[in-house]
file input29.txt (compact mmCIF, C-alpha atoms)
# COMPACT_ATOMS: atom_id res chain seq x y z
CA MET V 1 12.81 7.11 1.21
CA PRO V 2 13.94 5.53 4.50
CA ASP V 3 13.18 1.88 5.26
CA ASP V 4 10.84 2.62 8.16
CA GLU V 5 8.68 4.82 5.92
CA LEU V 6 8.58 2.14 3.23
CA ALA V 7 7.66 -0.46 5.86
CA ARG V 8 4.88 1.78 7.20
CA ARG V 9 3.38 2.15 3.75
CA ALA V 10 3.77 -1.55 2.94
CA ARG V 11 2.10 -2.45 6.24
CA LEU V 12 -0.92 -0.47 5.09
CA GLY V 13 -1.08 -2.19 1.71
CA ASP V 14 1.20 -0.10 -0.51
CA LYS V 15 2.72 -2.78 -2.73
CA GLN V 16 4.95 -0.34 -4.59
CA ALA V 17 6.62 0.56 -1.30
CA PHE V 18 7.18 -3.13 -0.68
CA VAL V 19 8.67 -3.58 -4.15
CA THR V 20 11.17 -0.87 -3.25
CA ILE V 21 12.05 -2.88 -0.11
CA VAL V 22 12.57 -5.97 -2.30
CA GLU V 23 14.81 -4.06 -4.68
CA ARG V 24 16.79 -2.57 -1.81
CA HIS V 25 17.27 -5.68 0.32
CA GLY V 26 16.93 -8.44 -2.27
CA PRO V 27 20.69 -8.65 -2.90
CA VAL V 28 21.61 -9.14 0.77
CA VAL V 29 18.83 -11.68 1.32
CA PHE V 30 19.91 -13.54 -1.80
CA ARG V 31 23.59 -13.52 -0.75
CA TYR V 32 22.64 -14.89 2.66
CA ALA V 33 20.37 -17.55 1.10
CA ARG V 34 23.06 -18.55 -1.30
CA ARG V 35 25.65 -19.05 1.43
CA MET V 36 23.18 -21.00 3.54
CA VAL V 37 21.43 -23.28 1.02
CA GLY V 38 23.52 -23.01 -2.15
CA ALA V 39 23.02 -21.39 -5.53
CA ASP V 40 20.33 -23.78 -6.76
CA ASP V 41 17.91 -23.23 -3.89
CA ALA V 42 18.71 -19.59 -3.14
CA PRO V 43 16.21 -18.13 -5.67
CA ASP V 44 13.28 -20.11 -4.21
CA LEU V 45 14.29 -19.29 -0.66
CA THR V 46 14.53 -15.59 -1.54
CA GLN V 47 11.05 -15.72 -3.11
CA GLU V 48 9.63 -17.42 -0.04
CA THR V 49 11.27 -14.85 2.20
CA PHE V 50 9.68 -11.87 0.48
CA ALA V 51 6.31 -13.59 0.04
CA THR V 52 6.28 -14.27 3.79
CA ALA V 53 7.42 -10.72 4.51
CA TRP V 54 4.55 -9.20 2.50
CA VAL V 55 2.00 -11.19 4.46
CA ALA V 56 3.72 -10.60 7.81
CA ILE V 57 4.60 -6.92 7.51
CA PRO V 58 1.35 -5.68 9.12
CA GLY V 59 2.74 -7.19 12.34
CA PHE V 60 6.17 -5.59 11.92
CA ARG V 61 6.50 -2.96 14.64
CA GLY V 62 9.87 -1.62 13.62
CA ASP V 63 11.67 -2.92 16.70
CA SER V 64 14.51 -4.02 14.45
CA ALA V 65 15.84 -2.73 11.16
CA VAL V 66 13.96 -3.90 8.07
CA ARG V 67 17.10 -5.70 6.85
CA THR V 68 17.41 -7.59 10.14
CA TRP V 69 13.72 -8.51 10.07
CA LEU V 70 13.99 -9.83 6.49
CA LEU V 71 17.11 -11.83 7.28
CA GLY V 72 15.29 -13.32 10.28
CA ILE V 73 12.52 -14.51 7.96
CA ALA V 74 15.14 -15.90 5.57
CA SER V 75 16.79 -17.68 8.51
CA ASN V 76 13.47 -19.36 9.38
CA HIS V 77 13.16 -20.57 5.80
CA VAL V 78 16.75 -21.86 5.92
CA ARG V 79 15.86 -23.93 9.00
CA HIS V 80 12.73 -25.21 7.27
CA HIS V 81 14.79 -26.06 4.19
CA ARG V 82 17.30 -27.97 6.33
CA ARG V 83 14.55 -29.96 8.05
CA SER V 84 13.02 -30.71 4.69
CA LEU V 85 16.38 -31.95 3.37
CA ALA V 86 16.77 -34.14 6.45
CA ARG V 87 13.41 -35.76 5.68
CA HIS V 88 14.04 -36.02 1.94
CA PRO V 89 17.79 -36.18 1.46
CA VAL V 90 19.24 -35.17 -1.89
CA ALA V 91 22.85 -34.68 -2.95
CA ALA V 92 24.45 -32.45 -0.33
CA TRP V 93 25.43 -28.95 -1.27
CA ASP V 94 29.17 -28.82 -1.66
CA GLY V 95 29.76 -25.12 -1.97
CA ASP V 96 29.30 -23.02 -5.03
CA GLU V 97 31.55 -23.96 -7.85
CA ASP V 98 29.63 -21.27 -9.58
CA GLU V 99 31.18 -19.48 -12.49
CA ARG V 100 28.07 -17.34 -12.62
CA THR V 101 29.58 -14.98 -10.07
CA THR V 102 32.02 -12.44 -11.31
CA PRO V 103 34.28 -10.32 -9.16
CA VAL V 104 33.39 -6.66 -9.65
CA SER V 105 36.94 -5.60 -8.98
CA ARG V 106 38.36 -7.74 -11.74
CA THR V 107 39.59 -5.39 -14.41
CA PRO V 108 40.38 -6.26 -17.99
CA GLU V 109 44.01 -5.42 -17.19
CA ALA V 110 44.28 -8.10 -14.49
CA SER V 111 46.81 -10.68 -15.54
CA PRO V 112 45.67 -14.24 -16.23
CA GLU V 113 47.93 -15.37 -13.38
CA CYS V 114 46.22 -13.03 -10.90
CA GLN V 115 42.81 -14.15 -12.12
CA ALA V 116 43.74 -17.77 -11.69
CA VAL V 117 44.93 -17.12 -8.15
CA ASP V 118 41.75 -15.18 -7.34
CA ASP V 119 39.58 -17.96 -8.74
CA ALA V 120 41.43 -20.63 -6.82
CA PHE V 121 41.20 -18.61 -3.61
CA ARG V 122 37.48 -18.12 -4.12
CA THR V 123 36.96 -21.82 -4.74
CA ALA V 124 38.88 -22.69 -1.58
CA LEU V 125 36.86 -20.13 0.37
CA GLU V 126 33.53 -21.46 -0.93
CA SER V 127 34.55 -24.97 0.02
CA ALA V 128 35.74 -23.95 3.50
CA LEU V 129 32.50 -22.01 4.07
CA ALA V 130 30.35 -24.93 2.96
CA ASP V 131 32.09 -27.14 5.51
CA LEU V 132 31.27 -24.84 8.43
CA PRO V 133 28.29 -25.73 10.62
CA PRO V 134 25.29 -23.56 9.61
CA LEU V 135 25.33 -21.23 12.63
CA GLN V 136 29.05 -20.55 12.25
CA ARG V 137 28.63 -19.93 8.52
CA ALA V 138 25.69 -17.61 9.10
CA CYS V 139 27.51 -15.66 11.81
CA TRP V 140 30.64 -15.20 9.71
CA VAL V 141 28.71 -14.13 6.60
CA LEU V 142 26.43 -11.75 8.50
CA ARG V 143 29.23 -10.20 10.57
CA ASP V 144 32.31 -10.14 8.40
CA VAL V 145 30.73 -9.92 4.95
CA GLU V 146 27.46 -8.06 5.56
CA GLY V 147 28.58 -6.03 8.58
CA LEU V 148 25.69 -6.74 10.97
CA GLY V 149 26.16 -6.17 14.70
CA TYR V 150 26.25 -9.06 17.20
CA ALA V 151 22.79 -8.24 18.53
CA GLU V 152 21.34 -8.09 15.02
CA ILE V 153 22.84 -11.48 14.18
CA ALA V 154 21.43 -12.89 17.40
CA ASP V 155 18.00 -11.62 16.30
CA VAL V 156 18.34 -13.11 12.84
CA GLU V 157 19.52 -16.49 14.08
CA HIS V 158 17.21 -16.58 17.13
CA THR V 159 20.08 -17.08 19.55
CA SER V 160 22.05 -15.15 22.17
CA VAL V 161 24.81 -12.62 21.61
CA ALA V 162 27.17 -14.93 23.53
CA ALA V 163 26.34 -17.80 21.14
CA VAL V 164 27.01 -15.50 18.18
CA ARG V 165 30.40 -14.49 19.59
CA GLY V 166 31.33 -18.13 20.17
CA ALA V 167 30.19 -19.28 16.73
CA LEU V 168 31.96 -16.38 15.05
CA HIS V 169 35.21 -17.14 16.86
CA ARG V 170 35.04 -20.80 15.83
CA ALA V 171 34.16 -19.85 12.25
CA ARG V 172 37.11 -17.48 11.97
CA THR V 173 39.48 -20.08 13.44
CA SER V 174 38.28 -22.78 11.03
CA LEU V 175 38.39 -20.52 7.99
CA ALA V 176 41.85 -19.24 8.86
CA ARG V 177 43.09 -22.81 9.23
CA ARG V 178 41.53 -23.93 5.93
CA LEU V 179 42.84 -20.90 4.05
CA GLU V 180 46.31 -21.04 5.61
CA PRO V 181 47.99 -22.09 2.31
CA TRP V 182 46.88 -18.74 0.86
CA ARG V 183 48.62 -16.67 3.50
CA MET J 1 38.46 -9.12 12.46
CA THR J 2 42.21 -8.49 12.39
CA ASP J 3 43.38 -11.46 10.31
CA ASP J 4 44.38 -10.19 6.86
CA LEU J 5 43.51 -13.51 5.28
CA LEU J 6 39.97 -13.43 6.65
CA ALA J 7 39.65 -9.79 5.66
CA ARG J 8 40.60 -10.84 2.13
CA ALA J 9 38.05 -13.68 2.26
CA ALA J 10 35.25 -11.34 3.37
CA SER J 11 36.27 -8.79 0.78
CA THR J 12 36.23 -11.48 -1.93
CA LEU J 13 32.63 -12.39 -1.13
CA ARG J 14 31.55 -8.75 -0.86
CA GLU J 15 33.02 -7.98 -4.27
CA LEU J 16 31.22 -10.76 -6.06
CA THR J 17 28.54 -9.58 -8.41
CA ASP J 18 25.66 -11.87 -7.65
CA ASP J 19 24.48 -12.62 -11.13
CA GLY J 20 22.22 -15.06 -9.31
CA TRP J 21 20.26 -12.15 -7.79
CA VAL J 22 20.01 -10.45 -11.15
CA ARG J 23 18.49 -13.63 -12.56
CA ALA J 24 16.27 -14.31 -9.54
CA ARG J 25 14.98 -10.73 -9.23
CA PRO J 26 12.14 -10.86 -11.84
CA ALA J 27 10.67 -14.04 -10.32
CA VAL J 28 10.95 -12.63 -6.79
CA LEU J 29 9.13 -9.45 -7.84
CA GLU J 30 6.50 -11.37 -9.79
CA ARG J 31 5.82 -13.69 -6.85
CA THR J 32 5.71 -10.75 -4.43
CA LEU J 33 3.13 -8.95 -6.56
CA ARG J 34 0.99 -12.09 -6.72
CA VAL J 35 0.87 -12.83 -2.99
CA LEU J 36 -2.34 -11.76 -1.32
CA ARG J 37 -2.85 -11.04 2.33
CA GLY J 38 -5.85 -12.78 3.77
CA SER J 39 -8.51 -10.31 4.87
CA ASP J 40 -12.23 -10.08 5.45
CA SER J 41 -14.43 -8.68 2.73
CA VAL J 42 -16.60 -5.63 3.16
CA VAL J 43 -19.83 -4.93 1.33
CA GLY J 44 -19.87 -2.13 -1.21
CA ARG J 45 -22.43 -0.97 -3.72
CA HIS J 46 -22.34 0.08 -7.35
CA ALA J 47 -24.90 0.70 -10.06
CA ASP J 48 -25.50 -3.00 -10.63
CA GLY J 49 -25.88 -3.89 -6.99
CA GLU J 50 -23.65 -5.00 -4.17
CA PHE J 51 -20.03 -6.07 -4.40
CA ARG J 52 -17.44 -7.16 -1.89
CA ALA J 53 -13.96 -5.72 -1.50
CA ALA J 54 -11.13 -6.98 0.67
CA THR J 55 -10.66 -4.85 3.77
CA ALA J 56 -6.97 -4.72 2.76
CA VAL J 57 -8.03 -2.67 -0.27
CA LEU J 58 -10.10 -0.36 1.91
CA VAL J 59 -7.20 0.06 4.36
CA ALA J 60 -4.83 0.98 1.52
CA GLU J 61 -7.26 3.63 0.23
CA ILE J 62 -7.75 5.10 3.70
CA ARG J 63 -3.98 5.19 4.23
CA ARG J 64 -3.58 7.11 0.98
CA ALA J 65 -6.27 9.62 1.96
CA VAL J 66 -5.09 10.18 5.53
CA ASP J 67 -1.44 10.44 4.48
CA GLY J 68 -2.58 13.23 2.16
CA LEU J 69 -3.04 15.42 5.25
CA THR J 70 0.27 17.20 5.71
CA THR J 71 0.52 16.77 9.48
CA VAL J 72 -0.47 13.10 9.76
CA ARG J 73 1.14 9.72 9.08
CA THR J 74 -1.12 6.69 9.23
CA GLN J 75 0.27 3.87 11.37
CA ARG J 76 -2.54 1.33 11.32
CA VAL J 77 -6.13 1.05 10.13
CA SER J 78 -8.53 -1.65 11.24
CA CYS J 79 -12.08 -2.24 10.10
CA SER J 80 -15.00 -3.56 12.14
CA LEU J 81 -17.74 -5.23 10.15
CA ALA J 82 -21.35 -5.86 11.07
CA ASP J 83 -23.06 -9.16 10.43
CA GLY J 84 -23.44 -9.35 6.69
CA GLY J 85 -20.16 -7.59 6.07
CA THR J 86 -21.15 -3.92 6.08
CA LEU J 87 -18.63 -1.47 7.47
CA GLU J 88 -19.46 -0.51 11.02
CA ALA J 89 -16.39 1.23 12.40
CA LEU J 90 -12.83 2.19 11.59
CA ALA J 91 -9.92 2.51 13.99
CA VAL J 92 -7.17 4.73 12.66
CA GLU J 93 -3.83 4.95 14.47
CA VAL J 94 -1.75 7.94 13.46
CA SER J 95 1.36 9.87 14.23
CA VAL J 96 0.91 13.67 14.15
CA ALA J 97 3.39 16.41 13.45
CA TYR J 98 4.82 17.95 16.61
CA GLY J 99 2.96 21.12 17.53
CA SER J 100 -0.15 20.51 15.48
CA SER J 101 -3.60 20.73 17.01
CA ILE J 102 -4.79 17.24 17.91
CA ALA J 103 -8.44 18.29 17.82
CA ALA J 104 -8.12 19.74 14.33
CA VAL J 105 -6.14 16.73 13.16
CA ALA J 106 -8.77 14.39 14.58
CA ASP J 107 -11.53 16.10 12.61
CA ASP J 108 -9.46 16.02 9.42
CA VAL J 109 -8.55 12.33 9.83
CA ARG J 110 -12.14 11.31 10.49
CA THR J 111 -13.37 13.25 7.47
CA ALA J 112 -10.63 11.89 5.19
CA ALA J 113 -11.09 8.29 6.36
CA ARG J 114 -14.87 8.39 6.00
CA ARG J 115 -14.64 10.01 2.56
CA ALA J 116 -12.12 7.41 1.35
CA ALA J 117 -14.33 4.59 2.66
CA SER J 118 -17.39 6.13 0.98
CA GLU J 119 -15.62 6.46 -2.36
CA THR J 120 -14.19 2.94 -2.20
CA LEU J 121 -17.46 1.30 -1.22
CA GLY J 122 -19.72 3.47 -3.35
CA VAL J 123 -21.98 4.48 -0.47
CA THR J 124 -22.16 7.72 1.47
CA LEU J 125 -21.15 6.88 5.01
CA GLN J 126 -22.47 9.29 7.62
CA PRO J 127 -20.84 9.68 11.06
CA ASP J 128 -23.76 7.87 12.69
CA GLN J 129 -23.28 4.93 10.31
CA VAL J 130 -19.54 4.44 10.58
CA VAL J 131 -17.67 5.43 13.72
CA VAL J 132 -14.04 6.44 13.19
CA ASP J 133 -11.99 5.90 16.33
CA LEU J 134 -8.74 7.77 16.32
CA VAL J 135 -5.60 6.86 18.26
CA VAL J 136 -2.68 9.27 18.23
CA ASP J 137 0.18 7.00 19.19
CA ASP J 138 3.21 9.02 18.18
CA VAL J 139 4.46 12.42 17.12
CA HIS J 140 6.95 13.19 14.41
CA ARG J 141 8.77 16.23 13.11
CA GLY J 142 6.50 18.01 10.69
CA PRO J 143 7.16 19.64 7.35
CA ASP J 144 7.93 22.97 9.03
CA THR J 145 10.70 21.38 11.08
CA GLY J 146 12.46 20.00 8.07
CA ALA J 147 11.64 16.30 8.60

call {"tool": "encode", "arguments": {"input": "input29.txt", "output": "structure tokens"}}
result
Amino acid sequence: MPDDELARRARLGDKQAFVTIVERHGPVVFRYARRMVGADDAPDLTQETFATAWVAIPGFRGDSAVRTWLLGIASNHVRHHRRSLARHPVAAWDGDEDERTTPVSRTPEASPECQAVDDAFRTALESALADLPPLQRACWVLRDVEGLGYAEIADVEHTSVAAVRGALHRARTSLARRLEPWR
Amino acid sequence: MTDDLLARAASTLRELTDDGWVRARPAVLERTLRVLRGSDSVVGRHADGEFRAATAVLVAEIRRAVDGLTTVRTQRVSCSLADGGTLEALAVEVSVAYGSSIAAVADDVRTAARRAASETLGVTLQPDQVVVDLVVDDVHRGPDTGA
């Protein structure tokens, strides 16, 4: 069933249709949350995103894709989270040294050497990403990992397409510089 | 993105299995199912007397009934309540299948909406008791056109 049909039904109170939306878009929202606030806070932020979406969906007119709309809600919660951290600082997130993620492509035949290189590359990437300013990180993740268009990213991040292009360019330059040893 | 290194970086993140989502999923679904939308309550009646139901429940039932008509998709339903919370009027926005008779559809939608409201609230609602305003705000390809 297409997203717009699920959204129509959810708008009119069909919770099962909304659950299908959660199942379909939960992974992308979670991935975005994880890159933006870290592995520890990503589950709560994802919950907040979908709870907000259920309440707000009667006002969703379908002007954007459901995925873009959900990521926009997640982006609002990320900003709220950041403001909250600024008021009540805790240990800063320093990237995900998270062995709980497993590369799908890793096959049992992969040599230990290759696995070690992959792991080290991933660790360097996580660290480089965590050091990017939030808008640059968001733009790179949404464009190069999730494949959103510039206009969609501008919607999600409540900014202009020109700002997205600029942030993306700076993100790519910084990441390329940080990952240069892996070239 | 032409840089091979950045392409590899993006590919690395795409290929990660987010075990985190797998673990978070049950709590996200549980929370989603618990969240309630705020809505007014409408007066209904059963054998033991009056009860109140959220208008969100009524809207969901009307959507189910109107969507049961093959040429109509419900877009929005709003309820107007009288003082005391009895149902006074319904506004039903729909999309109709291209080529279908609007007049016939209007009759069917009004009948279906009023019947669903009557069954949900436990009272027989006559046309002079509950007005059903209909807005046709879109058309769509119908079942005969393969949509």

call {"tool": "residues_around", "arguments": {"input": "input29.txt", "residues": "V:Val29", "least_positions_apart": "3", "cutoff": "7 Å", "atoms": "all atoms listed in the file", "output": "PyMOL selection string"}}
result
chain V and resi 25-26+32-33+46+71

call {"tool": "write_last_selection", "arguments": {"input": "input29.txt", "atoms": "C-alpha atoms", "output": "CSV table (one decimal), keeping the file's coordinate frame"}}
result
chain,number,residue,atom,x,y,z
V,25,HIS,CA,17.3,-5.7,0.3
V,26,GLY,CA,16.9,-8.4,-2.3
V,32,TYR,CA,22.6,-14.9,2.7
V,33,ALA,CA,20.4,-17.6,1.1
V,46,THR,CA,14.5,-15.6,-1.5
V,71,LEU,CA,17.1,-11.8,7.3

call {"tool": "interface_residues", "arguments": {"input": "input29.txt", "of": "chain J", "to": "chain V", "cutoff": "9 Å", "atoms": "all atoms listed in the file", "output": "MDAnalysis selection string"}}
result
chainID J and resid 1 3:7 9:25 27:29 31:38 56:57 59:64 73:77

call {"tool": "residues_near_point", "arguments": {"input": "input29.txt", "point": "(-22.0, 3.2, 11.4)", "cutoff": "10 Å", "atoms": "all atoms listed in the file", "output": "VMD selection string"}}
result
chain J and resid 80 to 82 86 to 90 125 to 132

call {"tool": "axis_aligned_box", "arguments": {"input": "input29.txt", "around": "stretch 13-31 of chain J", "padding_each_side": "8 Å", "output": "JSON"}}
result
{"center_x": 19.4, "center_y": -11.5, "center_z": -6.7, "size_x": 43.2, "size_y": 23.1, "size_z": 27.7}

call {"tool": "atom_distance", "arguments": {"input": "input29.txt", "atom1": "atom CA of J:Thr120", "atom2": "atom CA of J:Ser78"}}
result
15.3 Å

call {"tool": "atom_distance", "arguments": {"input": "input29.txt", "atom1": "atom CA of J:Ala113", "atom2": "atom CA of J:Val72"}}
result
12.1 Å

call {"tool": "atom_distance", "arguments": {"input": "input29.txt", "atom1": "atom CA of V:Pro133", "atom2": "atom CA of V:Asp63"}}
result
28.9 Å

call {"tool": "residues_around", "arguments": {"input": "input29.txt", "residues": "stretch 44-53 of chain J", "least_positions_apart": "3", "cutoff": "6 Å", "atoms": "all atoms listed in the file", "output": "list in words"}}
result
Ser41, Leu121 and Gly122 of chain J

call {"tool": "closest_residue", "arguments": {"input": "input29.txt", "among": "V:Ala167, V:Met1, V:Leu6, V:Leu70", "to": "V:Ala138", "atoms": "all atoms listed in the file"}}
result
V:Ala167

call {"tool": "residues_around", "arguments": {"input": "input29.txt", "residues": "stretch 106-108 of chain J", "least_positions_apart": "6", "cutoff": "9 Å", "atoms": "only C-alpha atoms", "output": "JSON, numbers by chain"}}
result
{"J": [66, 69, 134, 135, 136]}

call {"tool": "write_last_selection", "arguments": {"input": "input29.txt", "atoms": "C-alpha atoms", "output": "mmCIF file, in the frame of the given file"}}
result
data_model
loop_
_atom_site.group_PDB
_atom_site.id
_atom_site.type_symbol
_atom_site.label_atom_id
_atom_site.label_comp_id
_atom_site.auth_asym_id
_atom_site.auth_seq_id
_atom_site.Cartn_x
_atom_site.Cartn_y
_atom_site.Cartn_z
ATOM 1 C CA VAL J 66 -5.090 10.180 5.530
ATOM 2 C CA LEU J 69 -3.040 15.420 5.250
ATOM 3 C CA LEU J 134 -8.740 7.770 16.320
ATOM 4 C CA VAL J 135 -5.600 6.860 18.260
ATOM 5 C CA VAL J 136 -2.680 9.270 18.230
#

call {"tool": "decode", "arguments": {"input": "input29.txt", "residues": "stretch 6-27 of chain V", "atoms": "N, CA and C atoms", "output": "short mmCIF file (atom, residue, chain, number, x, y, z; two decimals), in the first residue's frame"}}
result
data_model
loop_
_atom_site.label_atom_id
_atom_site.label_comp_id
_atom_site.auth_asym_id
_atom_site.auth_seq_id
_atom_site.Cartn_x
_atom_site.Cartn_y
_atom_site.Cartn_z
N LEU V 6 -1.60 5.11 3.18
CA LEU V 6 -1.44 4.83 4.61
C LEU V 6 -1.63 6.10 5.43
N ALA V 7 -1.06 7.20 4.93
CA ALA V 7 -1.17 8.48 5.66
C ALA V 7 -2.64 8.94 5.71
N ARG V 8 -3.36 8.74 4.61
CA ARG V 8 -4.78 9.12 4.58
C ARG V 8 -5.54 8.35 5.66
N ARG V 9 -5.31 7.05 5.70
CA ARG V 9 -6.03 6.24 6.69
C ARG V 9 -5.62 6.60 8.12
N ALA V 10 -4.32 6.82 8.32
CA ALA V 10 -3.84 7.16 9.67
C ALA V 10 -4.43 8.50 10.11
N ARG V 11 -4.53 9.44 9.16
CA ARG V 11 -5.11 10.76 9.46
C ARG V 11 -6.51 10.61 10.03
N LEU V 12 -7.22 9.60 9.52
CA LEU V 12 -8.61 9.40 9.92
C LEU V 12 -8.73 8.37 11.06
N GLY V 13 -7.62 8.09 11.71
CA GLY V 13 -7.69 7.29 12.93
C GLY V 13 -7.34 5.82 12.80
N ASP V 14 -6.88 5.39 11.63
CA ASP V 14 -6.55 3.98 11.45
C ASP V 14 -5.14 3.72 11.99
N LYS V 15 -5.07 3.19 13.20
CA LYS V 15 -3.77 3.01 13.85
C LYS V 15 -2.95 1.92 13.16
N GLN V 16 -3.62 0.92 12.61
CA GLN V 16 -2.87 -0.14 11.95
C GLN V 16 -2.12 0.41 10.73
N ALA V 17 -2.76 1.35 10.03
CA ALA V 17 -2.07 1.99 8.90
C ALA V 17 -0.85 2.74 9.39
N PHE V 18 -0.98 3.38 10.56
CA PHE V 18 0.15 4.13 11.09
C PHE V 18 1.28 3.19 11.53
N VAL V 19 0.89 2.04 12.07
CA VAL V 19 1.91 1.06 12.46
C VAL V 19 2.71 0.62 11.23
N THR V 20 2.02 0.48 10.11
CA THR V 20 2.73 0.12 8.87
C THR V 20 3.72 1.23 8.49
N ILE V 21 3.32 2.49 8.69
CA ILE V 21 4.24 3.60 8.43
C ILE V 21 5.47 3.50 9.35
N VAL V 22 5.22 3.18 10.62
CA VAL V 22 6.34 3.05 11.58
C VAL V 22 7.29 1.94 11.11
N GLU V 23 6.71 0.80 10.75
CA GLU V 23 7.55 -0.33 10.31
C GLU V 23 8.35 0.05 9.06
N ARG V 24 7.71 0.79 8.17
CA ARG V 24 8.36 1.12 6.90
C ARG V 24 9.45 2.17 7.07
N HIS V 25 9.19 3.18 7.87
CA HIS V 25 10.12 4.31 7.96
C HIS V 25 10.90 4.36 9.27
N GLY V 26 10.60 3.44 10.18
CA GLY V 26 11.34 3.40 11.43
C GLY V 26 12.85 3.29 11.23
N PRO V 27 13.30 2.39 10.36
CA PRO V 27 14.76 2.26 10.21
C PRO V 27 15.45 3.56 9.77
#
